[in-house]
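Undergrad: Below is the file data.txt, with compact mmCIF, C-alpha atoms.
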```txt
# COMPACT_ATOMS: atom_id res chain seq x y z
CA MET A 1 16.94 -0.22 -7.34
CA PHE A 2 13.88 -2.40 -7.29
CA GLY A 3 14.56 -3.34 -10.85
CA ASP A 4 15.14 -6.86 -9.73
CA LEU A 5 11.92 -6.98 -7.79
CA TRP A 6 10.17 -5.57 -10.75
CA ARG A 7 10.76 -8.53 -12.96
CA PHE A 8 8.59 -10.62 -10.69
CA ASP A 9 5.70 -8.38 -11.36
CA THR A 10 3.55 -9.59 -14.17
CA ASP A 11 0.80 -7.02 -14.27
CA GLN A 12 1.41 -3.59 -15.66
CA PHE A 13 -1.26 -1.72 -13.78
CA GLN A 14 0.66 -0.45 -10.83
CA GLY A 15 -1.48 2.57 -10.21
CA LEU A 16 -4.58 0.44 -10.05
CA ASP A 17 -4.15 -1.15 -6.68
CA TRP A 18 -7.50 0.24 -5.61
CA PHE A 19 -9.02 -1.53 -8.57
CA ARG A 20 -7.50 -4.82 -7.55
CA GLN A 21 -8.77 -4.23 -4.04
CA MET A 22 -12.23 -3.58 -5.32
CA MET A 23 -12.14 -6.69 -7.43
CA ASP A 24 -10.95 -8.67 -4.43
CA GLU A 25 -13.97 -7.44 -2.55
CA PHE A 26 -16.37 -8.42 -5.29
CA PHE A 27 -14.72 -11.76 -5.88
CA PRO A 28 -13.34 -12.86 -2.57
CA GLU A 29 -10.89 -15.69 -2.46
CA THR A 30 -12.80 -18.89 -2.15
CA GLY A 31 -9.81 -20.86 -1.00
CA ALA A 32 -8.81 -21.05 2.63
CA ALA A 33 -6.63 -18.14 3.67
CA ASP A 34 -3.82 -18.54 6.11
CA ILE A 35 -5.08 -17.58 9.53
CA ARG A 36 -2.33 -15.04 10.01
CA SER A 37 -2.39 -13.63 6.53
CA VAL A 38 -3.30 -9.99 6.13
CA PRO A 39 -4.70 -8.20 3.11
CA ARG A 40 -2.08 -7.26 0.60
CA GLY A 41 -0.65 -3.87 1.23
CA SER A 42 -1.39 -3.77 4.96
CA PHE A 43 0.83 -1.57 7.04
CA PRO A 44 3.77 -2.00 7.07
CA MET A 45 4.44 -3.12 3.52
CA ILE A 46 7.11 -5.72 3.07
CA ASN A 47 9.59 -6.69 0.38
CA VAL A 48 11.68 -9.80 0.67
CA GLY A 49 14.87 -10.36 -1.25
CA SER A 50 17.38 -13.17 -1.29
CA THR A 51 21.11 -13.19 -1.86
CA ASP A 52 23.47 -16.15 -1.81
CA ASP A 53 24.21 -15.75 1.86
CA ALA A 54 21.13 -14.16 3.40
CA ILE A 55 17.45 -13.31 3.23
CA ARG A 56 16.72 -9.63 3.54
CA VAL A 57 13.34 -8.36 4.60
CA TYR A 58 12.58 -4.71 3.92
CA VAL A 59 9.83 -3.31 6.09
CA PHE A 60 8.37 0.01 4.96
CA ALA A 61 7.37 1.58 8.25
CA PRO A 62 7.53 5.35 7.90
CA GLY A 63 7.59 7.34 11.08
CA LEU A 64 8.74 4.47 13.24
CA THR A 65 12.04 4.37 15.07
CA ALA A 66 13.96 1.41 16.46
CA SER A 67 11.95 1.33 19.67
CA ASP A 68 8.60 1.32 17.87
CA LEU A 69 9.07 -1.90 15.93
CA ASP A 70 9.41 -5.29 17.53
CA VAL A 71 10.99 -7.91 15.28
CA SER A 72 11.05 -11.56 16.32
CA VAL A 73 11.75 -14.88 14.66
CA GLN A 74 10.28 -18.12 15.87
CA ASN A 75 10.03 -21.40 14.00
CA ASN A 76 10.94 -19.68 10.77
CA VAL A 77 8.17 -17.17 11.14
CA LEU A 78 9.19 -13.54 11.22
CA THR A 79 6.81 -11.39 13.21
CA LEU A 80 6.72 -7.61 13.14
CA ARG A 81 4.74 -5.86 15.80
CA GLY A 82 4.38 -2.28 16.70
CA LYS A 83 2.28 0.74 16.98
CA ARG A 84 2.19 3.90 15.00
CA GLU A 85 0.45 6.78 16.57
CA VAL A 86 -0.59 9.59 14.36
CA PRO A 87 -0.97 12.51 16.72
CA THR A 88 -4.17 14.42 16.44
CA PRO A 89 -3.33 18.00 15.61
CA LYS A 90 -4.71 20.65 17.84
CA SER A 91 -5.12 24.28 17.07
CA GLU A 92 -4.43 26.99 19.59
CA SER A 93 -7.92 26.70 20.91
CA GLU A 94 -7.33 22.96 21.53
CA GLU A 95 -10.16 22.23 19.23
CA ARG A 96 -9.95 19.16 17.06
CA ARG A 97 -9.57 20.09 13.46
CA PRO A 98 -11.38 18.18 10.78
CA TYR A 99 -9.32 16.09 8.43
CA PHE A 100 -9.81 16.45 4.71
CA ARG A 101 -7.99 13.22 4.14
CA ARG A 102 -6.98 10.55 6.54
CA GLU A 103 -5.26 7.78 4.65
CA ARG A 104 -2.22 7.04 6.77
CA PHE A 105 -2.25 4.02 8.99
CA SER A 106 -2.68 4.65 12.68
CA GLY A 107 -2.74 2.15 15.49
CA GLU A 108 -1.25 -1.20 16.35
CA PHE A 109 -0.14 -3.73 13.80
CA ALA A 110 1.25 -7.24 13.61
CA ARG A 111 2.44 -9.00 10.51
CA SER A 112 3.96 -12.44 10.20
CA ILE A 113 5.74 -13.88 7.24
CA ALA A 114 7.00 -17.39 6.71
CA LEU A 115 10.69 -17.72 6.00
CA PRO A 116 12.47 -20.57 4.28
CA ASP A 117 14.19 -23.21 6.39
CA GLY A 118 17.85 -23.02 7.16
CA LEU A 119 18.17 -19.46 8.38
CA ASP A 120 20.36 -18.59 11.31
CA ALA A 121 18.07 -16.49 13.47
CA ASP A 122 20.76 -16.03 16.10
CA ARG A 123 22.83 -13.98 13.73
CA ALA A 124 19.94 -11.88 12.46
CA GLU A 125 20.40 -8.12 12.36
CA ALA A 126 18.07 -5.24 11.80
CA ARG A 127 18.60 -1.57 11.10
CA PHE A 128 16.58 1.30 9.72
CA HIS A 129 17.01 4.28 7.43
CA ASN A 130 14.41 6.79 6.31
CA GLY A 131 11.47 4.75 7.49
CA VAL A 132 12.63 1.46 5.98
CA PHE A 133 13.75 -1.34 8.29
CA GLU A 134 16.07 -3.95 6.89
CA VAL A 135 16.12 -7.33 8.62
CA LEU A 136 19.05 -9.47 7.62
CA LEU A 137 18.70 -13.19 8.21
CA PRO A 138 21.89 -15.08 7.31
CA LYS A 139 21.56 -18.45 5.66
CA ARG A 140 23.13 -21.50 7.23
CA GLU A 141 25.87 -23.21 5.30
CA GLU A 142 23.61 -25.90 3.93
CA LEU A 143 21.37 -23.34 2.24
CA LYS A 144 24.10 -21.49 0.43
CA PRO A 145 24.59 -22.34 -3.19
CA ARG A 146 27.42 -24.75 -3.76
CA ARG A 147 29.44 -25.35 -6.81
CA ILE A 148 29.58 -29.00 -7.68
CA GLU A 149 32.75 -30.17 -9.26
CA ILE A 150 32.36 -32.42 -12.23
CA LYS A 151 34.94 -35.10 -12.14
CA ALA A 152 36.47 -36.62 -15.16
CA ALA A 153 35.15 -40.11 -15.75
CA MET N 1 21.77 -3.17 -7.13
CA ASN N 2 22.83 0.25 -8.20
CA ASP N 3 24.52 -1.25 -11.19
CA VAL N 4 21.24 -2.77 -12.26
CA THR N 5 19.60 0.63 -12.26
CA LYS N 6 22.41 2.12 -14.21
CA ARG N 7 22.16 -0.52 -16.83
CA GLU N 8 18.47 0.18 -17.17
CA THR N 9 19.12 3.76 -18.18
CA SER N 10 20.63 2.55 -21.40
CA GLN N 11 17.18 1.38 -22.46
CA ASP N 12 15.04 3.42 -24.75
CA VAL N 13 14.42 6.58 -22.80
CA ALA N 14 10.84 7.09 -23.92
CA THR N 15 9.60 3.67 -22.86
CA ARG N 16 11.51 3.97 -19.65
CA GLU N 17 9.86 7.24 -18.80
CA ARG N 18 6.44 5.86 -19.51
CA LYS N 19 7.16 2.88 -17.32
CA GLU N 20 8.37 5.13 -14.54
CA GLN N 21 5.14 7.07 -14.73
CA LEU N 22 3.22 3.88 -14.20
CA ARG N 23 5.52 2.75 -11.48
CA ALA N 24 4.97 5.71 -9.20
CA LEU N 25 3.13 4.85 -6.01
CA LEU N 26 0.51 7.11 -4.49
CA PRO N 27 1.70 7.87 -0.98
CA PRO N 28 -1.05 7.86 1.65
CA VAL N 29 -1.63 11.33 3.07
CA ASP N 30 -3.31 13.06 5.97
CA ILE N 31 -4.50 16.58 5.31
CA TYR N 32 -5.86 18.92 7.93
CA GLU N 33 -6.37 22.60 8.37
CA GLU N 34 -5.38 25.00 11.07
CA ASP N 35 -6.37 28.61 11.42
CA ASN N 36 -3.51 29.88 9.34
CA ALA N 37 -2.18 26.88 7.48
CA LEU N 38 -2.98 23.60 5.78
CA HIS N 39 -0.91 20.57 6.68
CA ILE N 40 -0.11 17.63 4.46
CA ILE N 41 1.57 14.58 5.95
CA ALA N 42 2.66 11.90 3.49
CA ASP N 43 4.17 8.47 4.07
CA MET N 44 7.15 8.08 1.80
CA PRO N 45 9.38 5.40 3.29
CA GLY N 46 12.77 5.07 1.67
CA VAL N 47 12.90 8.67 0.51
CA LYS N 48 15.81 10.82 1.63
CA ARG N 49 15.76 14.58 1.75
CA GLU N 50 17.82 14.73 -1.43
CA GLY N 51 15.41 12.44 -3.24
CA LEU N 52 12.42 14.68 -2.62
CA SER N 53 11.04 17.11 -5.13
CA ILE N 54 8.25 19.45 -4.16
CA GLU N 55 6.98 21.89 -6.75
CA VAL N 56 4.15 24.32 -7.17
CA ASP N 57 3.26 25.07 -10.74
CA ASN N 58 0.09 26.88 -11.68
CA ASN N 59 -1.43 26.21 -8.29
CA VAL N 60 -0.75 22.50 -8.57
CA LEU N 61 1.40 21.12 -5.82
CA SER N 62 3.33 18.04 -6.82
CA LEU N 63 5.13 15.82 -4.37
CA GLU N 64 7.63 13.36 -5.70
CA GLY N 65 10.13 11.20 -3.96
CA GLU N 66 12.60 8.65 -5.16
CA ILE N 67 12.90 5.47 -3.14
CA GLN N 68 16.55 5.00 -2.34
CA ILE N 69 17.41 1.88 -0.42
CA GLU N 70 20.82 0.34 -0.21
CA MET N 71 20.61 -3.23 -1.33
CA PRO N 72 23.41 -5.69 -1.94
CA GLU N 73 24.35 -6.62 -5.44
CA GLY N 74 22.81 -9.74 -6.86
CA ILE N 75 19.70 -9.68 -4.67
CA SER N 76 16.67 -11.35 -6.17
CA ALA N 77 13.12 -10.74 -5.11
CA THR N 78 11.09 -13.42 -3.46
CA TYR N 79 8.15 -11.24 -2.49
CA ALA N 80 7.38 -7.59 -3.11
CA GLU N 81 4.59 -5.27 -2.08
CA ILE N 82 6.44 -2.06 -2.91
CA ARG N 83 7.19 -2.42 -6.58
CA ALA N 84 8.06 1.06 -7.61
CA GLN N 85 11.03 3.32 -7.42
CA ARG N 86 9.20 6.51 -6.64
CA TYR N 87 6.16 8.12 -5.10
CA ALA N 88 4.18 10.84 -6.78
CA ARG N 89 1.06 12.75 -5.84
CA ARG N 90 -0.47 16.03 -6.89
CA PHE N 91 -2.93 18.42 -5.32
CA THR N 92 -4.61 21.53 -6.61
CA LEU N 93 -4.14 24.41 -4.24
CA SER N 94 -6.61 27.14 -3.56
CA HIS N 95 -5.63 30.75 -4.04
CA GLU N 96 -5.31 31.64 -0.41
CA ILE N 97 -2.18 29.50 0.01
CA ASP N 98 1.02 31.51 0.19
CA THR N 99 3.05 29.27 -2.13
CA ASP N 100 6.30 31.09 -1.40
CA ALA N 101 6.09 30.23 2.25
CA ILE N 102 5.51 26.47 1.98
CA GLU N 103 7.71 24.55 4.37
CA ALA N 104 8.65 20.91 4.20
CA LYS N 105 10.51 18.51 6.40
CA VAL N 106 11.06 14.80 6.15
CA ASP N 107 11.63 12.57 9.11
CA ASN N 108 12.00 8.79 8.99
CA GLY N 109 10.22 8.61 5.68
CA VAL N 110 7.34 10.88 6.69
CA LEU N 111 6.98 14.15 4.82
CA HIS N 112 5.33 17.03 6.62
CA LEU N 113 4.30 20.03 4.54
CA VAL N 114 2.97 23.25 5.98
CA LEU N 115 1.06 25.43 3.54
CA PRO N 116 0.53 28.81 5.16
CA LYS N 117 -2.39 30.97 4.16
CA LYS N 118 -1.88 34.49 2.96
CA ASP N 119 -2.37 37.07 5.67
CA THR N 120 -5.52 38.37 4.09
CA HIS N 121 -7.14 34.96 4.30
CA ARG N 122 -6.40 34.00 7.86
CA SER N 123 -9.46 33.18 9.81
CA ARG N 124 -10.43 35.68 12.42
CA ARG N 125 -12.55 35.09 15.38
CA ILE N 126 -15.49 37.42 15.39
CA ASP N 127 -16.73 38.35 18.76
CA VAL N 128 -20.42 38.36 19.18
CA LYS N 129 -21.36 41.20 21.42
CA ALA N 130 -24.22 41.14 23.73
CA ALA N 131 -27.06 43.21 22.43
```
Show me, as structure tokens, the structure contained in the file I just sent.

TA:
Amino acid sequence: MFGDLWRFDTDQFQGLDWFRQMMDEFFPETGAADIRSVPRGSFPMINVGSTDDAIRVYVFAPGLTASDLDVSVQNNVLTLRGKREVPTPKSESEERRPYFRRERFSGEFARSIALPDGLDADRAEARFHNGVFEVLLPKREELKPRRIEIKAA
Amino acid sequence: MNDVTKRETSQDVATRERKEQLRALLPPVDIYEEDNALHIIADMPGVKREGLSIEVDNNVLSLEGEIQIEMPEGISATYAEIRAQRYARRFTLSHEIDTDAIEAKVDNGVLHLVLPKKDTHRSRRIDVKAA
């Protein structure tokens, strides 16, 4: 299903994200980072795909429902805001239990991504299934691919 | 998009399987213990109940889930952080886990596993009597 996304990926070391992260820490980007950029892989993760008539943004936000995620578009910037609370489990004695692992994101988040020009934000739609939100942003007419007729000379 | 996947299956099966192994993502998990059970909570967005496979073999618990997202045909990627089709993670269990009684549920892409302990291993509160 992500076969198409896959072809954009040049490196073969998918399982080694931690390694990339470590390398990023040792060799931080020297260039200026966008002020709203977040480290790669921050919650929620995002995939963006494009079809002839729309841009589709897939937001991987497990555990969230429609009321937990706030999606807005302004000046071609899509902003996702929300909060994911991971409840602290309590045993019968109301004692806090130690965690052996605590890797899942918990707390508030905000991510912004720049969109191409020419999208019709008024007709945008969003829906979610199994923890993945799909934001559909239709393209305006001028952005859609057009066949150009070649006239006989 | 589904057609794309189907076409891929016609590739050499061995290389495909190796690729799939590489392409599995490690889902982030929370693990905590209660008096009579261990809990594993794993983020697996895009995984439906049918796409989940949970197995215990030789005291190794393996969690796998296939990412199934409906996408229109002819979509091309402009940016991708999730670049795999499945999640996979394995844990070694200790002997006190009652593997026959493991329960799992998945809700909005979050998997919650309850691993009950065998009766003989449940923790008991021991009262300290006054001397």

Undergrad: Taking (10.3, -7.5, 2.8) as a centre in this file's frame and 10 Å as the limit, can you find every polymer residue with an atom that close, using only C-alpha atoms, and give them as a list of chain:residue names?

TA: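 The answer, in the requested form, is A:Pro44, A:Met45, A:Ile46, A:Asn47, A:Val48, A:Gly49, A:Ser50, A:Ile55, A:Arg56, A:Val57, A:Tyr58, A:Val59, A:Phe60, A:Ile113, A:Val132, A:Phe133, A:Glu134, A:Val135, N:Ala77, N:Thr78, N:Tyr79, N:Ala80, N:Glu81, N:Ile82.
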
Undergrad: Using the selection just defined, write its residues with C-alpha atoms as a PDB file, keeping the file's coordinate frame.

TA:
```pdb
ATOM      1  CA  PRO A  44       3.770  -2.000   7.070  1.00  0.00           C
ATOM      2  CA  MET A  45       4.440  -3.120   3.520  1.00  0.00           C
ATOM      3  CA  ILE A  46       7.110  -5.720   3.070  1.00  0.00           C
ATOM      4  CA  ASN A  47       9.590  -6.690   0.380  1.00  0.00           C
ATOM      5  CA  VAL A  48      11.680  -9.800   0.670  1.00  0.00           C
ATOM      6  CA  GLY A  49      14.870 -10.360  -1.250  1.00  0.00           C
ATOM      7  CA  SER A  50      17.380 -13.170  -1.290  1.00  0.00           C
ATOM      8  CA  ILE A  55      17.450 -13.310   3.230  1.00  0.00           C
ATOM      9  CA  ARG A  56      16.720  -9.630   3.540  1.00  0.00           C
ATOM     10  CA  VAL A  57      13.340  -8.360   4.600  1.00  0.00           C
ATOM     11  CA  TYR A  58      12.580  -4.710   3.920  1.00  0.00           C
ATOM     12  CA  VAL A  59       9.830  -3.310   6.090  1.00  0.00           C
ATOM     13  CA  PHE A  60       8.370   0.010   4.960  1.00  0.00           C
ATOM     14  CA  ILE A 113       5.740 -13.880   7.240  1.00  0.00           C
ATOM     15  CA  VAL A 132      12.630   1.460   5.980  1.00  0.00           C
ATOM     16  CA  PHE A 133      13.750  -1.340   8.290  1.00  0.00           C
ATOM     17  CA  GLU A 134      16.070  -3.950   6.890  1.00  0.00           C
ATOM     18  CA  VAL A 135      16.120  -7.330   8.620  1.00  0.00           C
TER      19      VAL A 135
ATOM     20  CA  ALA N  77      13.120 -10.740  -5.110  1.00  0.00           C
ATOM     21  CA  THR N  78      11.090 -13.420  -3.460  1.00  0.00           C
ATOM     22  CA  TYR N  79       8.150 -11.240  -2.490  1.00  0.00           C
ATOM     23  CA  ALA N  80       7.380  -7.590  -3.110  1.00  0.00           C
ATOM     24  CA  GLU N  81       4.590  -5.270  -2.080  1.00  0.00           C
ATOM     25  CA  ILE N  82       6.440  -2.060  -2.910  1.00  0.00           C
TER      26      ILE N  82
END
```

Undergrad: With only C-alpha atoms as the basis for distance, which of N:Thr92, N:Ser76, N:Asn58, N:Thr120 is at the shortest distance from chain A?

TA: N:Ser76

Undergrad: Would you mind telling me which residue in A:His129, A:Arg111, A:Lys83, A:Arg146 lies nearest to chain N when using all atoms listed in the file?

TA: A:His129

Undergrad: Taking only C-alpha atoms into account, report as a tab-separated table (two decimals) with C-alpha atoms, in the frame of the given file which residues of chain N lie within 8 Å of chain A.

TA:
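Contents of the output file part-v2.tsv:
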```
chain	number	residue	atom	x	y	z
N	1	MET	CA	21.77	-3.17	-7.13
N	2	ASN	CA	22.83	0.25	-8.20
N	4	VAL	CA	21.24	-2.77	-12.26
N	5	THR	CA	19.60	0.63	-12.26
N	22	LEU	CA	3.22	3.88	-14.20
N	23	ARG	CA	5.52	2.75	-11.48
N	24	ALA	CA	4.97	5.71	-9.20
N	25	LEU	CA	3.13	4.85	-6.01
N	26	LEU	CA	0.51	7.11	-4.49
N	28	PRO	CA	-1.05	7.86	1.65
N	29	VAL	CA	-1.63	11.33	3.07
N	30	ASP	CA	-3.31	13.06	5.97
N	31	ILE	CA	-4.50	16.58	5.31
N	32	TYR	CA	-5.86	18.92	7.93
N	33	GLU	CA	-6.37	22.60	8.37
N	34	GLU	CA	-5.38	25.00	11.07
N	35	ASP	CA	-6.37	28.61	11.42
N	42	ALA	CA	2.66	11.90	3.49
N	43	ASP	CA	4.17	8.47	4.07
N	44	MET	CA	7.15	8.08	1.80
N	45	PRO	CA	9.38	5.40	3.29
N	46	GLY	CA	12.77	5.07	1.67
N	47	VAL	CA	12.90	8.67	0.51
N	48	LYS	CA	15.81	10.82	1.63
N	68	GLN	CA	16.55	5.00	-2.34
N	69	ILE	CA	17.41	1.88	-0.42
N	71	MET	CA	20.61	-3.23	-1.33
N	72	PRO	CA	23.41	-5.69	-1.94
N	74	GLY	CA	22.81	-9.74	-6.86
N	75	ILE	CA	19.70	-9.68	-4.67
N	76	SER	CA	16.67	-11.35	-6.17
N	77	ALA	CA	13.12	-10.74	-5.11
N	78	THR	CA	11.09	-13.42	-3.46
N	79	TYR	CA	8.15	-11.24	-2.49
N	80	ALA	CA	7.38	-7.59	-3.11
N	81	GLU	CA	4.59	-5.27	-2.08
N	82	ILE	CA	6.44	-2.06	-2.91
N	83	ARG	CA	7.19	-2.42	-6.58
N	84	ALA	CA	8.06	1.06	-7.61
N	85	GLN	CA	11.03	3.32	-7.42
N	107	ASP	CA	11.63	12.57	9.11
N	108	ASN	CA	12.00	8.79	8.99
N	109	GLY	CA	10.22	8.61	5.68
N	110	VAL	CA	7.34	10.88	6.69
```

Undergrad: Out of A:Val77, A:Ala32, A:Leu119, A:Ala152, which residue has the shortest atom-to-atom distance to A:Lys139 when counting only C-alpha atoms?

TA: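 Closest to A:Lys139 of all the choices is A:Leu119.
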
Undergrad: For a test of reading the model, state the distance in Å between atom CA of N:Glu64 and atom CA of N:Leu111, rounded to one decimal.

TA: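 According to the coordinates, atom CA of N:Glu64 and atom CA of N:Leu111 are separated by 10.6 Å.
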
Undergrad: What is the atom CA of N:Lys117 to atom CA of N:Leu61 distance in Å?

TA: 14.5 Å

Undergrad: Give me, please, the distance in Å between atom CA of N:Asn36 and atom CA of N:Gly51, quoted to one decimal.

TA: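 Interatomic distance here is 28.6 Å.
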
Undergrad: Using all atoms listed in the file, determine which residues lie at most 7 Å from N:His112, disregarding the query and same-chain residues fewer than 5 positions distant; provide the list as JSON, numbers by chain.

TA: {"N": [40, 41, 42, 104, 105, 106]}

Undergrad: Using the file's own x, y and z axes, what box holds all listed atoms of stretch 44-49 of chain A with 5 Å on each side, keeping edges along x, y and z, and what are its centre and edge lengths in Å to one decimal, as JSON?

TA:
```
{"center_x": 9.3, "center_y": -6.2, "center_z": 2.9, "size_x": 21.1, "size_y": 18.4, "size_z": 18.3}
```

Undergrad: Quick one: of A:Asp122, A:Glu142, A:Glu149, A:Glu85, who's nearest to A:Gly107, counting only C-alpha atoms?

TA: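 Comparing A:Asp122, A:Glu142, A:Glu149, A:Glu85 against A:Gly107, the winner is A:Glu85.
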
Undergrad: My list of candidates is A:Ser37, A:Ser106, A:Asn76, A:Ser67. Which is closest to A:Asp120 when distances are computed with all atoms listed in the file?

TA: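 Of A:Ser37, A:Ser106, A:Asn76, A:Ser67, the one nearest A:Asp120 is A:Asn76, counting all atoms listed in the file.
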
Undergrad: From the set N:Asp127, N:Glu73, N:Asp57, N:Glu66, which residue has the shortest atom-to-atom contact distance to N:Asp100, counting only C-alpha atoms?

TA: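 Checking each candidate against N:Asp100, we get N:Asp57 as the closest.
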
Undergrad: Name all residues at most 8 Å from N:Ile97 (count all atoms listed in the file; drop same-chain ones fewer than 6 positions away) and give them as a PyMOL selection string.

TA: chain N and resi 37+115-118
